[in-house]
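Chemist: input32.txt is reproduced in full below (compact mmCIF, C-alpha atoms and all ligand atoms).
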# COMPACT_ATOMS: atom_id res chain seq x y z
CA MET A 16 11.97 116.10 78.42
CA PRO A 17 12.66 115.64 82.16
CA TYR A 18 13.13 118.71 84.38
CA VAL A 19 15.63 118.97 87.24
CA SER A 20 14.59 119.40 90.84
CA ILE A 21 16.93 119.91 93.82
CA LYS A 22 16.00 117.39 96.52
CA GLY A 23 18.69 118.03 99.13
CA THR A 24 21.81 120.00 99.96
CA GLY A 25 24.73 119.29 102.26
CA SER A 26 28.14 120.60 103.18
CA ALA A 27 31.19 119.90 105.30
CA VAL A 28 34.22 121.81 106.56
CA PRO A 29 37.15 120.60 108.68
CA ASP A 30 37.13 121.38 112.43
CA ASN A 31 40.47 123.16 112.48
CA ILE A 32 40.07 126.97 112.42
CA ILE A 33 42.93 129.30 111.42
CA SER A 34 42.33 132.98 112.18
CA ASN A 35 44.03 136.04 110.70
CA HIS A 36 45.76 136.43 114.06
CA ASP A 37 47.16 132.90 113.74
CA LEU A 38 48.53 133.86 110.32
CA GLU A 39 50.19 136.95 111.80
CA LYS A 40 52.45 134.52 113.65
CA MET A 41 53.36 132.68 110.43
CA VAL A 42 53.92 135.38 107.76
CA ALA A 43 54.34 139.16 107.53
CA THR A 44 50.65 140.01 107.45
CA ASN A 45 48.03 141.42 109.79
CA ASP A 46 44.37 140.99 110.57
CA GLN A 47 43.47 144.48 109.35
CA TRP A 48 45.11 144.00 105.93
CA ILE A 49 43.44 140.64 105.37
CA ARG A 50 39.99 141.91 106.45
CA GLU A 51 40.20 145.08 104.38
CA ARG A 52 41.70 143.52 101.23
CA THR A 53 39.73 140.23 101.25
CA GLY A 54 36.93 140.18 103.86
CA ILE A 55 38.28 136.94 105.33
CA ILE A 56 38.52 136.54 109.13
CA THR A 57 38.94 132.76 109.59
CA ARG A 58 39.28 129.72 107.38
CA ARG A 59 38.91 125.96 107.98
CA VAL A 60 41.98 123.87 107.26
CA CYS A 61 42.25 120.07 107.06
CA ASP A 62 44.66 118.39 109.44
CA GLU A 63 47.13 115.78 108.14
CA LYS A 64 44.62 112.95 108.52
CA THR A 65 41.68 114.66 106.79
CA SER A 66 41.40 114.46 103.00
CA THR A 67 39.13 115.61 100.19
CA PHE A 68 37.20 112.34 100.36
CA ASP A 69 36.46 112.83 104.06
CA LEU A 70 34.79 116.19 103.40
CA ALA A 71 33.06 114.88 100.26
CA ILE A 72 31.46 111.91 102.02
CA GLU A 73 30.25 114.05 104.94
CA ALA A 74 28.67 116.61 102.59
CA SER A 75 27.15 113.77 100.51
CA LYS A 76 25.58 112.12 103.56
CA ASN A 77 24.10 115.44 104.66
CA ALA A 78 22.58 116.03 101.21
CA LEU A 79 21.27 112.46 101.01
CA ASP A 80 19.72 112.76 104.48
CA MET A 81 17.89 115.93 103.46
CA SER A 82 16.68 114.33 100.22
CA GLY A 83 15.37 111.25 102.00
CA TYR A 84 17.29 109.00 99.60
CA LYS A 85 19.95 106.38 100.30
CA GLY A 86 23.21 105.95 98.42
CA SER A 87 21.67 103.02 96.57
CA ASP A 88 18.95 105.33 95.16
CA ILE A 89 21.54 107.45 93.28
CA ASP A 90 22.28 106.57 89.66
CA MET A 91 25.23 108.91 88.89
CA ILE A 92 27.87 110.80 90.89
CA ILE A 93 29.57 113.94 89.55
CA VAL A 94 32.37 115.50 91.59
CA SER A 95 34.14 118.76 90.88
CA THR A 96 37.58 119.00 92.44
CA THR A 97 41.16 119.85 91.63
CA THR A 98 42.49 118.35 94.85
CA PRO A 99 41.58 114.63 94.78
CA ASP A 100 42.94 112.19 97.37
CA TYR A 101 45.19 110.62 94.71
CA PRO A 102 46.97 112.65 92.01
CA LEU A 103 46.00 110.46 89.03
CA PHE A 104 43.45 107.87 90.04
CA PRO A 105 41.15 106.61 91.44
CA SER A 106 38.76 109.53 91.08
CA THR A 107 36.93 111.05 94.03
CA GLY A 108 33.69 110.01 92.28
CA ALA A 109 34.70 106.35 92.32
CA LEU A 110 35.63 106.57 96.01
CA LEU A 111 32.26 108.14 96.76
CA GLN A 112 30.37 105.41 94.89
CA ASN A 113 31.75 102.93 97.38
CA GLY A 114 31.52 105.38 100.28
CA ILE A 115 27.79 106.04 99.96
CA GLY A 116 26.95 102.42 99.14
CA ALA A 117 25.67 103.14 95.64
CA ASP A 118 25.28 100.41 93.01
CA ASN A 119 27.96 100.25 90.29
CA ILE A 120 26.79 103.56 88.87
CA PRO A 121 28.92 105.93 86.76
CA ALA A 122 30.99 108.30 88.88
CA PHE A 123 33.61 110.80 87.73
CA ASP A 124 35.49 114.02 88.51
CA ILE A 125 35.44 117.35 86.68
CA SER A 126 38.38 119.75 86.89
CA ALA A 127 37.43 123.41 86.49
CA ALA A 128 39.03 124.94 89.61
CA CYS A 129 36.81 127.47 91.40
CA THR A 130 34.23 127.26 88.57
CA GLY A 131 33.92 123.51 89.17
CA TYR A 132 30.46 123.67 90.72
CA ILE A 133 28.98 125.54 87.74
CA TYR A 134 30.56 123.03 85.33
CA ALA A 135 29.36 120.05 87.42
CA LEU A 136 25.84 121.47 87.77
CA SER A 137 25.54 122.06 84.03
CA SER A 138 26.75 118.47 83.42
CA ALA A 139 24.17 117.09 85.86
CA TYR A 140 21.51 119.21 84.14
CA SER A 141 22.48 117.80 80.74
CA PHE A 142 22.44 114.16 81.88
CA ILE A 143 19.02 114.55 83.50
CA HIS A 144 17.51 116.59 80.65
CA ALA A 145 18.79 114.04 78.14
CA GLY A 146 16.87 111.39 80.09
CA MET A 147 20.04 109.36 80.73
CA TYR A 148 20.05 109.51 84.55
CA LYS A 149 17.32 110.24 87.08
CA ARG A 150 19.00 110.99 90.38
CA ILE A 151 22.46 112.53 90.54
CA LEU A 152 24.67 113.25 93.54
CA LEU A 153 26.80 116.32 92.79
CA VAL A 154 29.71 117.10 95.11
CA SER A 155 32.04 120.09 94.81
CA VAL A 156 35.00 119.71 97.11
CA ASP A 157 38.50 121.12 97.49
CA CYS A 158 41.33 121.05 100.00
CA LEU A 159 43.56 123.70 98.46
CA THR A 160 45.34 124.31 101.75
CA LYS A 161 47.26 121.09 101.10
CA PHE A 162 48.88 122.89 98.13
CA ILE A 163 49.71 126.15 99.82
CA ASP A 164 53.11 127.54 100.65
CA TRP A 165 52.50 128.71 104.21
CA THR A 166 55.37 131.19 103.86
CA ASP A 167 53.73 132.94 100.87
CA ARG A 168 51.51 135.70 102.27
CA SER A 169 49.97 136.41 98.86
CA THR A 170 48.21 133.01 98.86
CA CYS A 171 48.18 131.45 102.35
CA ILE A 172 45.74 134.01 103.74
CA LEU A 173 43.09 133.30 101.11
CA PHE A 174 42.19 129.65 100.99
CA GLY A 175 40.20 127.25 103.14
CA ASP A 176 38.90 123.68 102.71
CA GLY A 177 35.30 122.57 102.27
CA ALA A 178 32.68 120.57 100.39
CA GLY A 179 29.15 121.23 99.14
CA ALA A 180 26.75 118.63 97.78
CA MET A 181 23.35 118.39 96.11
CA VAL A 182 20.94 115.63 95.18
CA LEU A 183 19.29 116.42 91.85
CA GLU A 184 16.33 114.50 90.50
CA ALA A 185 14.38 114.24 87.24
CA SER A 186 10.77 115.44 87.30
CA ASP A 187 7.99 115.49 84.71
CA ASN A 188 6.56 118.71 86.15
CA PRO A 189 7.88 121.91 84.48
CA ASP A 190 7.17 123.80 87.75
CA ASP A 191 9.90 121.70 89.39
CA GLU A 192 12.60 122.98 87.02
CA SER A 193 15.37 124.37 89.25
CA LEU A 194 18.09 124.93 86.67
CA LEU A 195 16.94 127.72 84.36
CA ALA A 196 20.12 128.66 82.47
CA PHE A 197 23.90 128.41 82.34
CA ASP A 198 26.76 130.41 80.86
CA ILE A 199 30.21 128.75 81.02
CA HIS A 200 33.62 129.66 79.59
CA SER A 201 37.36 129.03 79.60
CA ASP A 202 40.45 130.94 78.47
CA GLY A 203 43.66 128.93 78.70
CA SER A 204 45.75 131.94 77.63
CA GLY A 205 45.45 133.02 81.27
CA LYS A 206 46.87 129.75 82.64
CA ASP A 207 49.82 131.41 84.42
CA LEU A 208 47.63 133.71 86.52
CA LEU A 209 46.76 130.85 88.87
CA ILE A 210 48.75 127.66 88.57
CA VAL A 211 50.48 124.80 90.38
CA PRO A 212 53.55 124.66 88.10
CA SER A 213 54.98 121.23 88.91
CA GLY A 214 53.70 117.76 89.70
CA GLY A 215 52.05 117.13 86.32
CA THR A 216 53.39 115.61 83.10
CA LYS A 217 54.96 118.87 81.94
CA THR A 218 57.16 119.36 84.98
CA PRO A 219 57.34 116.42 87.35
CA ILE A 220 58.31 117.19 90.92
CA ASN A 221 62.07 116.95 91.48
CA GLU A 222 64.52 118.44 93.93
CA ASN A 223 64.84 121.68 91.99
CA GLU A 224 61.07 122.15 91.72
CA ILE A 225 60.70 121.56 95.43
CA LYS A 226 63.50 124.06 96.14
CA ASN A 227 61.53 126.64 94.11
CA LYS A 228 58.28 125.61 95.85
CA ASN A 229 56.69 124.93 92.47
CA GLN A 230 54.50 122.18 93.87
CA TYR A 231 52.42 124.92 95.52
CA ILE A 232 49.82 127.39 94.25
CA LYS A 233 51.28 130.43 92.47
CA MET A 234 48.92 133.32 91.88
CA ASP A 235 49.01 136.75 90.29
CA GLY A 236 46.38 138.12 92.68
CA PRO A 237 45.78 141.50 90.99
CA GLY A 238 45.64 139.73 87.58
CA VAL A 239 42.96 137.31 88.81
CA PHE A 240 41.12 140.20 90.46
CA LYS A 241 40.94 142.15 87.15
CA PHE A 242 39.84 139.03 85.25
CA ALA A 243 37.11 138.31 87.82
CA VAL A 244 35.55 141.77 87.81
CA ASN A 245 35.61 141.75 84.00
CA VAL A 246 33.72 138.49 83.55
CA ILE A 247 31.30 138.16 86.47
CA VAL A 248 28.60 140.64 85.52
CA LYS A 249 28.89 139.83 81.80
CA SER A 250 28.43 136.12 82.45
CA LEU A 251 25.53 136.58 84.86
CA THR A 252 23.79 138.97 82.48
CA THR A 253 24.10 136.37 79.69
CA ALA A 254 22.71 133.60 81.92
CA LEU A 255 19.82 135.81 83.08
CA HIS A 256 19.02 136.63 79.45
CA LYS A 257 19.00 132.91 78.55
CA ALA A 258 16.54 132.36 81.43
CA SER A 259 14.38 135.28 80.16
CA LEU A 260 14.98 137.07 83.47
CA LYS A 261 16.31 140.51 84.44
CA LYS A 262 18.66 141.73 87.17
CA GLU A 263 15.58 142.78 89.15
CA ASP A 264 14.41 139.16 89.27
CA ILE A 265 17.42 138.03 91.33
CA SER A 266 16.42 137.06 94.89
CA TYR A 267 19.91 136.06 96.04
CA PHE A 268 23.35 136.58 94.53
CA VAL A 269 25.62 133.63 95.43
CA PRO A 270 29.06 134.41 94.04
CA HIS A 271 32.23 132.36 94.39
CA GLN A 272 33.68 133.43 97.75
CA ALA A 273 37.15 134.68 96.79
CA ASN A 274 37.29 138.32 97.81
CA LEU A 275 34.69 140.65 99.33
CA ARG A 276 35.84 143.51 97.09
CA ILE A 277 35.15 141.42 93.96
CA ILE A 278 31.71 140.52 95.34
CA ASP A 279 30.92 144.15 96.27
CA TYR A 280 31.96 145.34 92.81
CA ALA A 281 29.63 142.84 91.10
CA ALA A 282 26.76 143.53 93.53
CA LYS A 283 27.01 147.27 92.84
CA LYS A 284 26.96 146.73 89.06
CA LEU A 285 23.92 144.46 89.47
CA LYS A 286 22.30 147.07 91.77
CA LEU A 287 21.72 144.49 94.49
CA SER A 288 21.03 145.41 98.10
CA SER A 289 23.24 143.94 100.81
CA ASP A 290 20.51 141.52 102.01
CA GLN A 291 20.49 139.95 98.51
CA VAL A 292 24.23 139.28 98.51
CA MET A 293 25.15 136.01 100.21
CA ILE A 294 28.54 135.88 101.93
CA ASN A 295 30.34 133.38 104.16
CA LEU A 296 33.96 133.93 103.11
CA ASP A 297 34.55 135.73 106.40
CA LYS A 298 34.26 132.29 108.07
CA TYR A 299 35.60 129.93 105.42
CA GLY A 300 37.89 131.87 103.06
CA ASN A 301 38.07 130.73 99.45
CA THR A 302 37.07 127.05 99.33
CA SER A 303 37.43 126.88 95.52
CA SER A 304 34.79 124.73 93.81
CA ALA A 305 33.00 124.14 97.15
CA SER A 306 32.28 127.77 97.89
CA ILE A 307 28.96 128.18 96.03
CA PRO A 308 27.23 124.91 97.11
CA LEU A 309 28.58 125.36 100.67
CA LEU A 310 26.90 128.76 100.78
CA ILE A 311 23.70 127.48 99.17
CA ASP A 312 23.52 124.71 101.79
CA GLU A 313 24.05 127.27 104.55
CA ILE A 314 21.22 129.56 103.36
CA ASN A 315 19.00 126.56 102.68
CA ARG A 316 19.50 125.24 106.21
CA ASN A 317 18.96 128.64 107.85
CA ASN A 318 15.64 128.95 105.97
CA THR A 319 16.64 131.99 103.93
CA LEU A 320 15.37 130.39 100.73
CA LYS A 321 11.69 130.28 99.74
CA LYS A 322 10.16 128.27 96.90
CA GLY A 323 10.47 130.23 93.66
CA ASP A 324 13.45 132.35 94.76
CA ILE A 325 15.91 133.06 91.97
CA ILE A 326 19.55 132.37 92.85
CA ALA A 327 22.19 133.92 90.60
CA ALA A 328 25.39 131.90 91.11
CA VAL A 329 28.68 132.85 89.51
CA GLY A 330 32.11 131.20 89.66
CA PHE A 331 35.57 132.11 88.36
CA GLY A 332 39.07 130.77 88.76
CA ALA A 333 42.08 128.98 87.39
CA GLY A 334 42.17 127.86 83.79
CA LEU A 335 41.00 130.50 83.39
CA THR A 336 37.42 129.34 83.80
CA TRP A 337 34.23 131.17 84.68
CA GLY A 338 30.49 130.70 84.51
CA SER A 339 27.04 131.34 85.93
CA ALA A 340 23.94 129.36 86.79
CA ILE A 341 20.42 130.65 87.34
CA ILE A 342 18.70 128.43 89.88
CA ARG A 343 15.01 128.57 90.82
CA TRP A 344 14.45 127.30 94.34
O1 LIG B 401 39.26 131.65 93.30
C1 LIG B 401 39.91 132.56 92.49
C2 LIG B 401 41.23 132.75 93.10
N1 LIG B 401 41.79 133.95 93.45
C3 LIG B 401 41.22 135.18 93.56
O2 LIG B 401 40.10 135.46 93.33
C4 LIG B 401 42.18 136.24 94.01
C5 LIG B 401 41.90 137.59 93.42
N2 LIG B 401 42.80 138.56 93.94
C6 LIG B 401 42.73 139.04 95.20
O3 LIG B 401 41.86 138.65 95.97
C7 LIG B 401 43.71 140.12 95.61
O4 LIG B 401 44.51 140.47 94.49
C8 LIG B 401 44.62 139.71 96.78
C9 LIG B 401 43.79 139.64 98.06
C10 LIG B 401 45.28 138.37 96.53
C11 LIG B 401 45.71 140.76 96.98
O5 LIG B 401 45.12 142.01 97.21
P1 LIG B 401 45.59 143.27 96.36
O6 LIG B 401 44.85 144.41 96.88
O7 LIG B 401 45.45 142.94 94.92
O8 LIG B 401 47.09 143.42 96.81
P2 LIG B 401 48.42 143.39 95.93
O9 LIG B 401 48.78 142.01 95.56
O10 LIG B 401 48.32 144.42 94.85
O11 LIG B 401 49.45 143.91 97.03
C12 LIG B 401 49.36 145.23 97.61
C13 LIG B 401 50.39 145.32 98.70
C14 LIG B 401 51.79 144.89 98.26
O12 LIG B 401 52.73 145.67 98.93
P3 LIG B 401 53.42 146.92 98.22
O13 LIG B 401 54.12 146.36 97.01
O14 LIG B 401 52.29 147.87 97.87
O15 LIG B 401 54.34 147.44 99.26
C15 LIG B 401 51.86 143.47 98.75
O16 LIG B 401 53.19 143.05 98.96
O17 LIG B 401 50.02 144.46 99.78
C16 LIG B 401 51.10 143.57 100.05
N3 LIG B 401 50.54 142.29 100.49
C17 LIG B 401 50.25 142.02 101.77
N4 LIG B 401 50.38 142.74 102.90
C18 LIG B 401 50.00 142.17 104.05
C19 LIG B 401 50.20 141.22 99.73
N5 LIG B 401 49.71 140.25 100.49
C20 LIG B 401 49.73 140.71 101.77
C21 LIG B 401 49.34 140.17 103.01
N6 LIG B 401 49.48 140.94 104.11
N7 LIG B 401 48.82 138.94 103.12
Now, as a test, write the supplied structure out as structure tokens.
Modeler:
Amino acid sequence: MPYVSIKGTGSAVPDNIISNHDLEKMVATNDQWIRERTGIITRRVCDEKTSTFDLAIEASKNALDMSGYKGSDIDMIIVSTTTPDYPLFPSTGALLQNGIGADNIPAFDISAACTGYIYALSSAYSFIHAGMYKRILLVSVDCLTKFIDWTDRSTCILFGDGAGAMVLEASDNPDDESLLAFDIHSDGSGKDLLIVPSGGTKTPINENEIKNKNQYIKMDGPGVFKFAVNVIVKSLTTALHKASLKKEDISYFVPHQANLRIIDYAAKKLKLSSDQVMINLDKYGNTSSASIPLLIDEINRNNTLKKGDIIAAVGFGAGLTWGSAIIRW
């Protein structure tokens, strides 16, 4: 049975920076409130010309460069996103196949909101372990700011745009196994906690929907907060157990970057010290499915990670969806 080794990581964010002070000029908010309630200071926001594909291809090229492989060496592309360039099709995966110059390999998108990376990683793991594909490009990318009502202070302060990518490869050596365990879930009964109400088949966009701003993200922030703190530690504990590891074995905690208070709560429960808890939401805000691989790329490139380190990654978001991955570097 082939094992899975991580050969390269990459990421991309748009150039445009929006600070809390910039937001003060747009909605009734202030820098202090945003810092204290979320931990966010700035976020990166795509301009009109920049799309999900643009960030995805940049992150992919960075990951390919690190891996030493070319696009034509890849035999599957898996993308997690809820904000593709086109609402129905073509998929971001198909666009990337052409963009990186891969052969006519399978390429597809997964929709699991902010848990997208964990879902995509577990899919890549399964395809490689099953012996079906040998070298997979995984890209988690979102441009949620394109779906934000910039007059709604309960959402516009939170989100940013970004992409994270990985090149994963089959290996015959068990010591190369990077993906030790997963725990993934969904609960559609919580669909209304975080939703874009119109624009799909249930409620197409019309004048009335636009008047009610239903084409934008609607969120019950405190409801999502409660859900997140309930599931994170439970899910990570399950994944650690599946990997035959304990809390004490965690080298780095890489949680979805949604809110510093959610992260602090989980870190306290897991008894982690602050140097084990990886954070970049102060710079990027909540980049949805990109947040975990964007952060992993950052700590990989700044040489934080050593061979054998155990990364405990956990995601949660709309659906509801949530899940964890235990990664051995
Ligand atoms: O990827 C997963 C997606 N989402 C999340 O993980 C979000 C999880 N939830 C959260 O991060 C937090 O619930 C928020 C940051 C969204 C909100 O923080 P909160 O501490 O839960 O605030 P709240 O919604 O309970 O609001 C408290 C007060 C309210 O005022 P009153 O009613 O007490 O007078 C809000 O109107 O803060 C007010 N408020 C704001 N004030 C200044 C809400 N948003 C803002 C704002 N600036 N941006």
Chemist: I'd like the neighbourhood of Ile120 in chain A as a ChimeraX atom specification, where a residue qualifies if any of its atoms comes within 9 Å (using only C-alpha atoms), though same-chain residues fewer than 5 positions away should be ignored.
Modeler: /A:89-92,112
Chemist: Could I get the residues of chain A with an atom no further than 7 Å from an atom of ligand LIG 401 (chain B), each paired with its nearest atom pair and that distance in Å to one decimal, using all atoms listed in the file, sorted by chain and residue number, as a Markdown table?
Modeler:
| residue | atom | partner | partner_atom | distance |
| --- | --- | --- | --- | --- |
| A:Ala43 | CA | B:LIG401 | N6 | 6.2 |
| A:Thr44 | CA | B:LIG401 | N6 | 3.7 |
| A:Asn45 | CA | B:LIG401 | N6 | 5.9 |
| A:Trp48 | CA | B:LIG401 | C18 | 5.5 |
| A:Ile49 | CA | B:LIG401 | N7 | 6.1 |
| A:Arg52 | CA | B:LIG401 | C9 | 5.4 |
| A:Thr53 | CA | B:LIG401 | C9 | 5.2 |
| A:Cys129 | CA | B:LIG401 | O1 | 5.2 |
| A:Arg168 | CA | B:LIG401 | N7 | 4.3 |
| A:Ser169 | CA | B:LIG401 | N5 | 4.2 |
| A:Thr170 | CA | B:LIG401 | C10 | 6.5 |
| A:Ile172 | CA | B:LIG401 | N7 | 5.8 |
| A:Gly236 | CA | B:LIG401 | O4 | 3.5 |
| A:Pro237 | CA | B:LIG401 | O4 | 3.9 |
| A:Val239 | CA | B:LIG401 | C5 | 4.7 |
| A:Phe240 | CA | B:LIG401 | C5 | 4.0 |
| A:Ala243 | CA | B:LIG401 | O2 | 6.9 |
| A:Ala273 | CA | B:LIG401 | O2 | 4.6 |
| A:Asn274 | CA | B:LIG401 | O3 | 4.9 |
| A:Asn301 | CA | B:LIG401 | O1 | 6.3 |
| A:Ser303 | CA | B:LIG401 | O1 | 5.6 |
| A:Phe331 | CA | B:LIG401 | C1 | 6.0 |
| A:Gly332 | CA | B:LIG401 | C1 | 4.2 |
| A:Ala333 | CA | B:LIG401 | C1 | 6.6 |
Chemist: Name the closest residue to Trp337 in chain A among the candidates A:Ser138, A:Thr130, A:Thr65, A:Ser186; distances are taken between atoms, counting all atoms listed in the file.
Modeler: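 When distances to Trp337 in chain A are compared using all atoms listed in the file, the smallest one comes from A:Thr130.
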Chemist: So how many Å separate CA of Gly86 in chain A and CA of His271 in chain A, to one decimal?
Modeler: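 The value is 28.2 Å.
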Chemist: Leaving out Leu255 in chain A and any residue of its chain fewer than 5 positions from it, which residues lie within 9 Å of it when counting only C-alpha atoms, given as number ranges by chain?
Modeler: A: 195-197, 250, 260-262, 264-265, 327, 339-341
Chemist: So, with only C-alpha atoms as the atoms that count, which of A:Met181, A:Val19, A:Ala128, A:Ile325 lies closest to Asp157 in chain A?
Modeler: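 Using only C-alpha atoms, the shortest distance to Asp157 in chain A belongs to A:Ala128.
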Chemist: Contacts of Ile210 in chain A at 7 Å or less, counting all atoms listed in the file, minus same-chain residues fewer than 3 places along, as an MDAnalysis selection string?
Modeler: chainID A and resid 206:207 232:234 333
Chemist: Would you save range 285-293 of chain A to a file, keeping all heavy atoms, as a compact mmCIF listing (two decimals), in the first residue's frame?
Modeler:
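Result file selection-v6.txt:
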# COMPACT_ATOMS: atom_id res chain seq x y z
N LEU A 285 -6.24 21.86 25.03
CA LEU A 285 -5.22 20.90 24.61
C LEU A 285 -3.92 21.06 25.39
O LEU A 285 -2.96 20.34 25.17
CB LEU A 285 -4.94 21.04 23.11
CG LEU A 285 -6.10 20.66 22.17
CD1 LEU A 285 -5.90 21.22 20.77
CD2 LEU A 285 -6.27 19.14 22.10
N LYS A 286 -3.91 22.05 26.29
CA LYS A 286 -2.74 22.36 27.14
C LYS A 286 -1.49 22.65 26.30
O LYS A 286 -0.40 22.14 26.58
CB LYS A 286 -2.48 21.22 28.13
CG LYS A 286 -3.60 21.01 29.13
CD LYS A 286 -3.13 20.08 30.25
CE LYS A 286 -4.07 20.02 31.41
NZ LYS A 286 -5.39 19.47 31.16
N LEU A 287 -1.68 23.44 25.25
CA LEU A 287 -0.56 23.77 24.37
C LEU A 287 0.05 25.10 24.80
O LEU A 287 -0.66 26.00 25.23
CB LEU A 287 -1.04 23.87 22.92
CG LEU A 287 -1.62 22.59 22.33
CD1 LEU A 287 -2.26 22.87 20.97
CD2 LEU A 287 -0.53 21.52 22.18
N SER A 288 1.37 25.22 24.64
CA SER A 288 2.00 26.50 24.94
C SER A 288 1.90 27.41 23.71
O SER A 288 1.68 26.92 22.59
CB SER A 288 3.47 26.28 25.30
OG SER A 288 4.13 25.73 24.20
N SER A 289 2.09 28.72 23.93
CA SER A 289 1.82 29.65 22.82
C SER A 289 2.76 29.40 21.63
O SER A 289 2.38 29.65 20.49
CB SER A 289 1.93 31.09 23.31
OG SER A 289 3.22 31.31 23.80
N ASP A 290 4.00 28.89 21.89
CA ASP A 290 4.89 28.66 20.74
C ASP A 290 4.49 27.42 19.93
O ASP A 290 5.06 27.16 18.87
CB ASP A 290 6.36 28.61 21.16
CG ASP A 290 6.61 27.60 22.25
OD1 ASP A 290 5.62 27.10 22.82
OD2 ASP A 290 7.79 27.29 22.51
N GLN A 291 3.50 26.66 20.41
CA GLN A 291 3.01 25.52 19.62
C GLN A 291 1.79 25.90 18.77
O GLN A 291 1.37 25.12 17.92
CB GLN A 291 2.58 24.38 20.55
CG GLN A 291 3.72 23.67 21.25
CD GLN A 291 3.15 22.68 22.25
OE1 GLN A 291 2.61 23.06 23.29
NE2 GLN A 291 3.25 21.41 21.93
N VAL A 292 1.23 27.06 19.05
CA VAL A 292 -0.02 27.45 18.39
C VAL A 292 0.30 28.39 17.23
O VAL A 292 0.83 29.49 17.44
CB VAL A 292 -0.97 28.14 19.40
CG1 VAL A 292 -2.28 28.50 18.72
CG2 VAL A 292 -1.22 27.23 20.59
N MET A 293 0.02 27.95 16.02
CA MET A 293 0.38 28.72 14.83
C MET A 293 -0.76 29.67 14.44
O MET A 293 -1.92 29.25 14.33
CB MET A 293 0.70 27.77 13.67
CG MET A 293 1.84 26.82 13.95
SD MET A 293 3.43 27.68 14.10
CE MET A 293 3.70 27.66 15.85
